[in-house]
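A.B. asks: Sending over a structure as structure tokens; questions will come in a sec.
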Amino acid sequence: MAIEATPHAGEIAVITQKLKKVYGLGTGYPVEALHCVDMQVMAGEFVSIIGQSGSGKSTLLNMLGALDVPTEGTVTIGGRDISKLDRNGLAKLRNESIGFVFQFHYLLPDFTCLENCLIPLMIKYGSPPKEERDRVKNLLEQVGLGDQLRKRPSEMSGGQQQRAAIIRALANRPNLALADEPTGNLDARTGAEVFDLLRTIIRETGVAFIMVTHDDRLARAADRMLKIEFGEISEVKDLSG
């Protein structure tokens with residue numbers, strides 16, 4: 001399987017500097033979810049993030065995905081400090097530069113597999129150009145979904161739906177892809193197949209991929225593994241387990 005490469009290989013995809021997030025400011029009961037997080041991820045790098053529930057993993061993913069704003073510090077994606085973007089600028093960034101893969105596929109039930117994967121391009125263009133539509137079709141064929149293009153999510157298996165969700169995340173050739181427990185809703189065999197697909201995509205497209213997971217085995221298969229504890233991040237040096 002050969003998946004079309006993005007133009008981003010060799011670039012710094014995302015940098016955070018002194019990133020801090022505090023909830024409940026002004027209430028008298030502030031909660032610091034992230035404390036001075038510094039990290040850098042290159043295009044083509046696969047980074048996993050582990051940590052107990054409440055450690056700050058989801059908060060960090062929201063910061064990296066421009067879904068929330070930091071209390072202090074900066075997030076720079078594709079060379080742009082996202083704190084300088086207005087609401088429309090953030091929406092454009094999320095659509096064009098960031099792909100999201102969640103534990104649940106969140107495919108729209110009334111849309112076909114192909115239509116679901118074209119949604120980012122529909123947002124960008126209104127009506128996707130034929131060459132873009134053909135490119136997404138080709139991606140779906142390359143991940144074994146060529147015979148599923150006209151099927152709706154209810155007619156597809158869990159693994160097929162998650163594969164479609166991955167292609168949807170890559171439809172706009174983003175700099176950065178973020179995954180929150182991407183195999184957590186799948187059985188062990190299907191989860192392993194989806195994970196292997198992710199590794200292939202990262203290697204062949206050059207997209208920077210950051211995955212939050214509770215699965216220690218999958219986390220250790222990444223290029224780097226980071227651990228969040230009490231809102232602080234550190235690198236796990238020994239990935240052998």
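Residues are named by chain letter and number: chains run A, B, ... in the order of the structure tokens, numbers start at 1 in each chain, and ligands are numbered from 1 in the order shown.
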When you look at Gly54 in chain A with a cut-off of 10 Å (counting only C-alpha atoms), what residues show up, excluding the ones that are within fewer than 4 positions of it in the same chain? I need them as a VMD selection string.
C.D. replies: chain A and resid 33 58 to 59 228 to 231
A.B. asks: With N, CA, C and O atoms kept, could you save the residues just selected as a PDB file, in the first residue's frame?
C.D. replies:
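Saved as part-v8.pdb:
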```pdb
ATOM      1  N   ALA A  33      -4.805  22.268  35.009  1.00  0.00           N
ATOM      2  CA  ALA A  33      -4.800  21.021  34.244  1.00  0.00           C
ATOM      3  C   ALA A  33      -3.474  20.789  33.536  1.00  0.00           C
ATOM      4  O   ALA A  33      -3.056  19.640  33.355  1.00  0.00           O
ATOM      5  N   SER A  58      -6.358  14.920  27.785  1.00  0.00           N
ATOM      6  CA  SER A  58      -7.392  15.463  26.902  1.00  0.00           C
ATOM      7  C   SER A  58      -7.275  16.979  26.793  1.00  0.00           C
ATOM      8  O   SER A  58      -7.511  17.557  25.721  1.00  0.00           O
ATOM      9  N   THR A  59      -6.913  17.625  27.890  1.00  0.00           N
ATOM     10  CA  THR A  59      -6.716  19.079  27.846  1.00  0.00           C
ATOM     11  C   THR A  59      -5.615  19.437  26.863  1.00  0.00           C
ATOM     12  O   THR A  59      -5.761  20.366  26.062  1.00  0.00           O
ATOM     13  N   ILE A 228       2.066  12.316  30.880  1.00  0.00           N
ATOM     14  CA  ILE A 228       1.565  13.476  31.621  1.00  0.00           C
ATOM     15  C   ILE A 228       1.178  13.011  33.021  1.00  0.00           C
ATOM     16  O   ILE A 228       0.459  12.027  33.192  1.00  0.00           O
ATOM     17  N   GLU A 229       1.666  13.753  33.986  1.00  0.00           N
ATOM     18  CA  GLU A 229       1.363  13.451  35.383  1.00  0.00           C
ATOM     19  C   GLU A 229       1.198  14.775  36.121  1.00  0.00           C
ATOM     20  O   GLU A 229       2.099  15.625  36.084  1.00  0.00           O
ATOM     21  N   PHE A 230       0.025  14.971  36.725  1.00  0.00           N
ATOM     22  CA  PHE A 230      -0.267  16.205  37.445  1.00  0.00           C
ATOM     23  C   PHE A 230      -0.029  17.439  36.583  1.00  0.00           C
ATOM     24  O   PHE A 230       0.489  18.457  37.037  1.00  0.00           O
ATOM     25  N   GLY A 231      -0.393  17.333  35.291  1.00  0.00           N
ATOM     26  CA  GLY A 231      -0.302  18.472  34.393  1.00  0.00           C
ATOM     27  C   GLY A 231       1.075  18.757  33.838  1.00  0.00           C
ATOM     28  O   GLY A 231       1.247  19.699  33.079  1.00  0.00           O
TER      29      GLY A 231
END
```
A.B. asks: Run DSSP on the backbone and tell me which residues of range 64-212 of chain A come out as strand (DSSP E); list them as a PyMOL selection string.
C.D. replies: chain A and resi 72-77+80-81+98-101+176-180+208-212
A.B. asks: Show which residues sit within 12 Å of Arg80 in chain A, as a PyMOL selection string. Count only C-alpha atoms, and ignore same-chain residues fewer than 3 positions away.
C.D. replies: chain A and resi 12-16+66+74-77+83-85+89-90+93+97+175
A.B. asks: Can you write out the residues you just picked, keeping C-alpha atoms, as a JSON list (two decimals), in the first residue's frame?
C.D. replies:
```json
[["chain", "number", "residue", "atom", "x", "y", "z"],
["A", 12, "ILE", "CA", 8.26, 21.22, 12.70],
["A", 13, "ALA", "CA", 4.56, 20.45, 12.92],
["A", 14, "VAL", "CA", 3.74, 21.73, 16.41],
["A", 15, "ILE", "CA", 5.53, 23.42, 19.31],
["A", 16, "THR", "CA", 4.21, 24.30, 22.74],
["A", 66, "ALA", "CA", -7.05, 24.57, 18.63],
["A", 74, "THR", "CA", 1.82, 29.36, 23.22],
["A", 75, "VAL", "CA", 0.90, 26.68, 20.71],
["A", 76, "THR", "CA", 2.50, 27.04, 17.28],
["A", 77, "ILE", "CA", 1.16, 24.87, 14.46],
["A", 83, "SER", "CA", -3.15, 32.67, 19.99],
["A", 84, "LYS", "CA", -2.97, 35.34, 17.29],
["A", 85, "LEU", "CA", -5.84, 33.83, 15.29],
["A", 89, "GLY", "CA", -8.80, 31.84, 11.69],
["A", 90, "LEU", "CA", -8.94, 28.99, 14.22],
["A", 93, "LEU", "CA", -6.68, 26.16, 10.81],
["A", 97, "SER", "CA", -4.04, 21.91, 8.98],
["A", 175, "ASN", "CA", 0.30, 19.14, 9.04]]
```
A.B. asks: Which residues come within 8 Å of Arg173 in chain A, counting only C-alpha atoms, excluding same-chain residues fewer than 2 positions away, as an mmCIF file with N, CA and C atoms, in the first residue's frame?
C.D. replies:
```cif
data_model
loop_
_atom_site.group_PDB
_atom_site.id
_atom_site.type_symbol
_atom_site.label_atom_id
_atom_site.label_comp_id
_atom_site.auth_asym_id
_atom_site.auth_seq_id
_atom_site.Cartn_x
_atom_site.Cartn_y
_atom_site.Cartn_z
ATOM 1 N N THR A 6 2.330 13.949 1.893
ATOM 2 C CA THR A 6 2.029 15.365 2.078
ATOM 3 C C THR A 6 3.304 16.162 1.824
ATOM 4 N N GLU A 96 -7.971 22.993 7.711
ATOM 5 C CA GLU A 96 -6.947 22.815 6.690
ATOM 6 C C GLU A 96 -5.642 22.207 7.200
ATOM 7 N N SER A 97 -5.371 22.317 8.489
ATOM 8 C CA SER A 97 -4.044 21.913 8.981
ATOM 9 C C SER A 97 -4.063 20.821 10.043
ATOM 10 N N LEU A 170 -7.392 12.803 7.095
ATOM 11 C CA LEU A 170 -6.281 13.117 6.200
ATOM 12 C C LEU A 170 -6.729 13.784 4.905
ATOM 13 N N ALA A 171 -8.038 13.998 4.754
ATOM 14 C CA ALA A 171 -8.574 14.475 3.477
ATOM 15 C C ALA A 171 -7.954 15.785 3.018
ATOM 16 N N ASN A 175 -1.035 19.192 8.433
ATOM 17 C CA ASN A 175 0.296 19.138 9.044
ATOM 18 C C ASN A 175 0.310 18.170 10.212
ATOM 19 N N VAL A 207 2.830 13.031 7.834
ATOM 20 C CA VAL A 207 2.026 13.796 8.781
ATOM 21 C C VAL A 207 2.556 13.561 10.195
#
```
A.B. asks: Write down as number ranges by chain the residues of range 20-200 of chain A whose backbone DSSP state falls under helix (DSSP H, G or I).
C.D. replies: A: 57-64, 82-84, 87-97, 113-125, 130-142, 153-155, 158-170, 188-200
A.B. asks: So that I can check the surroundings of Leu34 in chain A, please list as a ChimeraX atom specification every protein, DNA and RNA residue that reaches within 12 Å of it, counting only C-alpha atoms and ignoring chain neighbours fewer than 5 positions away.
C.D. replies: /A:16-23,54-63,69-73,228-233
A.B. asks: Mind giving me the straight-line distance from CA of Glu193 in chain A to CA of Val143 in chain A in Å, one decimal?
C.D. replies: 10.7 Å
A.B. asks: Which value, in Å to one decimal, gives the distance between CA of Ala179 in chain A and CA of Phe102 in chain A?
C.D. replies: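 For CA of Ala179 in chain A relative to CA of Phe102 in chain A, the distance reads 5.6 Å.
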A.B. asks: Just give me the gap between CA of Asp180 in chain A and CA of Arg87 in chain A in Å, one decimal is fine.
C.D. replies: 23.5 Å
